[in-house]
Amino acid sequence: MTVVTTDKLTKIFPNGKKALNGVNLAIEEGEIFGFLGPNGAGKTTAVKLLNGMLQPTEGSCSVFGINPESAPEKVHQLAGVITEHAQMYNNLTGLQNLMFFGTVFGISENEVKRRALEILECLSLLDAKDQNLREYSTGMRQRLSLARAMLHQPKILFLDEPTSGLDPENAQSVNSLIKSLACDKGTTVFLCTHQLRYAEEVCTKYGLISEGNILASGSLDELHSSVFSGLTAMIKADKYPSELKMLRSGEYALIDVNSGDEIPALVKQIVDFGGKIYHVAARKHSLEEIYFALLDKRKKEIAK
């Protein structure tokens with residue numbers, strides 16, 4: 001089932017800035033979709049459009065078949081949203097904040113408390129449940145924001161830099177929770193981040209955006225094949241034949257090949273030359289490398 005659809009979605013602000021330019025996306029149920037690009041690329045604008053906080057200048061979008069422009073309240077019933085600066089009440093405790101926002105969604109007091117305690121435990125916040133929010137660190141606030149977004153068991157989560165301000169241990173807990181929601185409960189996750197390496201670890205599909213334009217979307221393999229052919233062989237040896245075309249990365253030689261079937265011949269060539277092999281691995285280009293290759297490709301197309 002397609003959960004999120006955008007059709008030539010465009011947003012131009014009154015100052016003339018085109019934040020989104022004809023964006024087309026289709027996100028399936030249960031996916032962890034990484035919407036990736038630098039700050040100012042249009043990610044937050046897209047989230048606001050999909051939640052009815054902004055109206056599109058051109059094009060359209062839908063969430064579970066609902067038009068957020070005409071029926072934002074219906075989208076809000078199905079969606080949870082967390083931003084880098086989610087607002088809650090400093091004079092309330094962590095648990096009281098969750099109880100308040102849960103009742104706003106019409107959940108009974110007993111059920112809200114049960115869900116709140118369960119989520120707080122998952123996010124390692126149970127010991128801080130009775131502390132006022134003003135005593136929370138930035139990372140604790142971020143995790144409490146995620147707890148608030150999950151209270152009403154949304155079918156889709158919009159997350160804007162969900163691990164911002166978290167230490168590695170708590171970031172790992174949040175990542176595990178995100179994966180569990182998608183895999184075990186079928187929750188669709190729309191994750192906005194500029195951290196490409198982080199997204200590569202968590203997401204199942206990607207949309208790469210720059211200056212409001214979609215560079216490409218799809219799985220990692222689909223993105224890879226759109227700009228690169230084949231693999232890169234990473235070989236560590238004590239010497240190499242001079243005729244080998246390669247780049248150096250520390251102790252490794254990086255050699256482009258069409259497929260893994262070519263790697264044994266490369267190894268044999270080095271051994272026949274008298275080289276000792278210490279390590280051999282095949283790798284595809286990283287998401288970060290793919291992003292910059294697509295960005296370079298777009299710049300060349302614009303320059304034509």
# chains A, B, ... in the order shown; residues from 1 in each chain; ligands from 1

$ residues_around --residues "A:Leu220" --least-positions-apart "3" --cutoff "7 Å" --atoms "only C-alpha atoms" --output "PyMOL selection string"
chain A and resi 205+223-224

$ select_by_dssp --residues "stretch 76-201 of chain A" --states "alpha helix (DSSP H)" --output "VMD selection string"
chain A and resid 76 to 78 94 to 104 109 to 122 138 to 150 168 to 185 196 to 201

$ atom_distance --atom1 "atom CA of A:Ser249" --atom2 "atom CA of A:His194"
24.6 Å

$ residues_around --residues "A:Lys11" --least-positions-apart "3" --cutoff "7 Å" --atoms "only C-alpha atoms" --output "PyMOL selection string"
chain A and resi 18-21+56-58

$ write_last_selection --atoms "C-alpha atoms" --output "short mmCIF file (atom, residue, chain, number, x, y, z; two decimals), in the first residue's frame"
data_model
loop_
_atom_site.label_atom_id
_atom_site.label_comp_id
_atom_site.auth_asym_id
_atom_site.auth_seq_id
_atom_site.Cartn_x
_atom_site.Cartn_y
_atom_site.Cartn_z
CA LYS A 18 11.37 27.95 -4.19
CA ALA A 19 11.70 25.47 -1.32
CA LEU A 20 10.38 22.50 -3.33
CA ASN A 21 10.39 22.15 -7.09
CA PRO A 56 1.45 23.81 -1.83
CA THR A 57 1.97 26.44 -4.51
CA GLU A 58 1.61 23.80 -7.22
#

$ residues_around --residues "A:Leu231" --least-positions-apart "5" --cutoff "12 Å" --atoms "only C-alpha atoms" --output "list in words"
Asp221, His224, Ser225, Leu254, Ile255, Asp256, Val257, Asn258, Ser259, Gly260, Asp261, Glu262, Ile263, Ala281, Ala282, Arg283, Lys284, His285 and Ser286 of chain A

$ atom_distance --atom1 "atom CA of A:Glu161" --atom2 "atom CA of A:Val4"
19.3 Å

$ residues_around --residues "A:Ile209" --least-positions-apart "2" --cutoff "9 Å" --atoms "only C-alpha atoms" --output "PyMOL selection string"
chain A and resi 35-38+41-43+207+211-217+291

$ write_last_selection --atoms "C-alpha atoms" --output "PDB file, in the first residue's frame"
ATOM      1  CA  PHE A  35      14.602  12.062   3.053  1.00  0.00           C
ATOM      2  CA  LEU A  36      18.175  13.236   2.753  1.00  0.00           C
ATOM      3  CA  GLY A  37      19.875  16.494   2.005  1.00  0.00           C
ATOM      4  CA  PRO A  38      21.671  19.442   3.611  1.00  0.00           C
ATOM      5  CA  ALA A  41      17.255  21.538   0.961  1.00  0.00           C
ATOM      6  CA  GLY A  42      13.463  21.476   1.490  1.00  0.00           C
ATOM      7  CA  LYS A  43      13.046  18.549   3.883  1.00  0.00           C
ATOM      8  CA  GLY A 207      14.917  10.270  -1.456  1.00  0.00           C
ATOM      9  CA  GLU A 211      17.819  22.913  -3.288  1.00  0.00           C
ATOM     10  CA  GLY A 212      14.252  21.662  -3.520  1.00  0.00           C
ATOM     11  CA  ASN A 213      14.943  19.203  -6.347  1.00  0.00           C
ATOM     12  CA  ILE A 214      14.821  15.430  -6.052  1.00  0.00           C
ATOM     13  CA  LEU A 215      18.098  14.000  -7.326  1.00  0.00           C
ATOM     14  CA  ALA A 216      16.901  10.387  -7.161  1.00  0.00           C
ATOM     15  CA  SER A 217      14.805   8.043  -5.038  1.00  0.00           C
ATOM     16  CA  TYR A 291      24.690  11.600  -3.193  1.00  0.00           C
TER      17      TYR A 291
END

$ residues_around --residues "A:Lys48" --least-positions-apart "6" --cutoff "10 Å" --atoms "only C-alpha atoms" --output "VMD selection string"
chain A and resid 54 to 56 68 81 158

$ closest_residue --among "A:Pro241, A:Glu288, A:Glu201, A:Ala253" --to "A:Gly274" --atoms "only C-alpha atoms"
A:Pro241

$ closest_residue --among "A:Leu50, A:Ala79, A:Ser229, A:Gly34" --to "A:Leu287" --atoms "only C-alpha atoms"
A:Gly34

$ residues_around --residues "A:Ala149" --least-positions-apart "5" --cutoff "8 Å" --atoms "only C-alpha atoms" --output "list of chain:residue names"
A:Gly80, A:Val81, A:Ile82, A:Pro154, A:Leu157

$ write_last_selection --atoms "N, CA, C and O atoms" --output "PDB file, in the first residue's frame"
ATOM      1  N   GLY A  80       2.461  10.886  13.622  1.00  0.00           N
ATOM      2  CA  GLY A  80       3.218  11.442  14.731  1.00  0.00           C
ATOM      3  C   GLY A  80       4.352  12.250  14.138  1.00  0.00           C
ATOM      4  O   GLY A  80       4.949  11.834  13.138  1.00  0.00           O
ATOM      5  N   VAL A  81       4.645  13.402  14.721  1.00  0.00           N
ATOM      6  CA  VAL A  81       5.666  14.297  14.169  1.00  0.00           C
ATOM      7  C   VAL A  81       6.639  14.703  15.267  1.00  0.00           C
ATOM      8  O   VAL A  81       6.225  15.075  16.364  1.00  0.00           O
ATOM      9  N   ILE A  82       7.923  14.606  14.977  1.00  0.00           N
ATOM     10  CA  ILE A  82       8.941  15.103  15.891  1.00  0.00           C
ATOM     11  C   ILE A  82       9.920  15.948  15.109  1.00  0.00           C
ATOM     12  O   ILE A  82      10.395  15.554  14.047  1.00  0.00           O
ATOM     13  N   PRO A 154       0.727   6.048  16.039  1.00  0.00           N
ATOM     14  CA  PRO A 154       0.488   6.531  14.674  1.00  0.00           C
ATOM     15  C   PRO A 154       0.869   5.490  13.624  1.00  0.00           C
ATOM     16  O   PRO A 154       1.721   4.638  13.855  1.00  0.00           O
ATOM     17  N   LEU A 157       5.247   7.977  11.108  1.00  0.00           N
ATOM     18  CA  LEU A 157       6.033   8.884  11.936  1.00  0.00           C
ATOM     19  C   LEU A 157       6.877   9.776  11.036  1.00  0.00           C
ATOM     20  O   LEU A 157       7.602   9.282  10.173  1.00  0.00           O
TER      21      LEU A 157
END

$ closest_atom_pairs --of "stretch 45-115 of chain A" --to "stretch 119-134 of chain A" --cutoff "12 Å" --atoms "only C-alpha atoms" --output "CSV"
residue,atom,partner,partner_atom,distance
A:Gln87,CA,A:Leu133,CA,10.7
A:Met88,CA,A:Leu133,CA,8.0
A:Tyr89,CA,A:Leu133,CA,6.8
A:Asn90,CA,A:Leu133,CA,4.6
A:Asn91,CA,A:Asn132,CA,5.9
A:Leu92,CA,A:Asn132,CA,5.2
A:Thr93,CA,A:Asn132,CA,3.9
A:Gly94,CA,A:Lys129,CA,4.9
A:Leu95,CA,A:Lys129,CA,5.0
A:Gln96,CA,A:Asp130,CA,8.0
A:Asn97,CA,A:Leu133,CA,8.3
A:Leu98,CA,A:Lys129,CA,9.6
A:Met99,CA,A:Lys129,CA,11.1
A:Val112,CA,A:Ile119,CA,10.5
A:Lys113,CA,A:Ile119,CA,9.9
A:Arg114,CA,A:Ile119,CA,8.8
A:Arg115,CA,A:Ile119,CA,6.1

$ closest_residue --among "A:Gly40, A:Ala71, A:Lys155, A:Asn170" --to "A:Lys185" --atoms "only C-alpha atoms"
A:Lys155

$ select_by_dssp --residues "stretch 85-231 of chain A" --states "strand (DSSP E)" --output "VMD selection string"
chain A and resid 156 to 160 188 to 193 205 to 210 213 to 218 231

$ atom_distance --atom1 "atom CA of A:Lys276" --atom2 "atom CA of A:Met246"
17.0 Å
